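Take a look at the structure below.
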Amino acid sequence: MIRTYRRPANAEDMKAMTQGKGSLVRNILMVTLPIGAILFVGMYWLSRSSLVAIVLAGLSLLGSIWSNTRFFKTVGERGKSGSDQPTVEVMEVEATRVLDIEHLGSHGPAYCFFTVDGQALLLIGQWLMRIPRFPSLSFRLFRWVDDGRPTLPQDLETAFGKGAA
């Protein structure tokens, strides 16, 4: 059986989305600025031109700041969605059979779950490798409604069950 419903995002969903990525200010101070400084020194050492080093380090800084700003803006928007707006889709799966599909390419594992009522669910991706004791015959998947990306809860035992297929 595959049952799907939507629910509002909670604090655990938001924590799973950031996955320890800190905050915007922390990322800029602890990652972006040091990498920009190392890039500046490296480019100055190679080119002996401060203009080239400033331009390349500046472009790197701007790109990193832009990327971090967009990410934390998305986190903020999902956090402000309100308690009554469904932003997380939950799929509860109870399978009778699981196939581990060996496919060409490096997209990570692929599993096909079959249920009693004839439905099938195909899961593909490297995100499945982060889940211990998976595949399981009964589990819950959480994904964002707006973009369909999976969100893995911090407590994987509650989402993916205890039995392995």
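Each chain in the structure tokens gets a letter, A, B and so on, in the order shown; residues start at 1 in every chain, and ligands are counted from 1 in the order they appear.
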Check: Which residues, written as JSON, numbers by chain, have at least one atom at most 10 Å from stretch 101-115 of chain A, with only C-alpha atoms counted and residues fewer than 4 positions away on the same chain left out?
Finding: {"A": [1, 2, 93, 94, 95, 96, 97, 119, 120, 121, 122, 123, 124, 125, 126, 127, 128, 129, 134, 135, 136, 137, 138]}
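A straight line drawn from atom CA of A:Trp66 to atom CA of A:Val52 is 21.0 Å long.
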Checklist line | Residues near stretch 26-36 of chain A, cut-off 10 Å, only C-alpha atoms, skip fewer than 3 positions along chain, as JSON, numbers by chain | finding: {"A": [21, 22, 23, 39, 40, 41, 42, 53, 54, 56, 57, 58, 59, 60, 61, 62, 63, 64, 65, 68, 69]}
Next item on the list: Would you please give, as a PyMOL selection string, all residues of stretch 1-156 of chain A that DSSP assigns to strand (DSSP E) based on the backbone?
Entry: chain A and resi 2-7+88-94+97-101+110-114+120-124+138-144
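Distances to A:Pro86 were evaluated for A:Arg149, A:Thr4, A:Phe72, A:Trp144 using only C-alpha atoms, and the minimum falls at A:Trp144.
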Next item on the list: Could you tell me how far atom CA of A:Gly76 lies from atom CA of A:Val25, in Å and to one decimal?
Entry: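 About the pair atom CA of A:Gly76 and atom CA of A:Val25: they are 14.3 Å apart.
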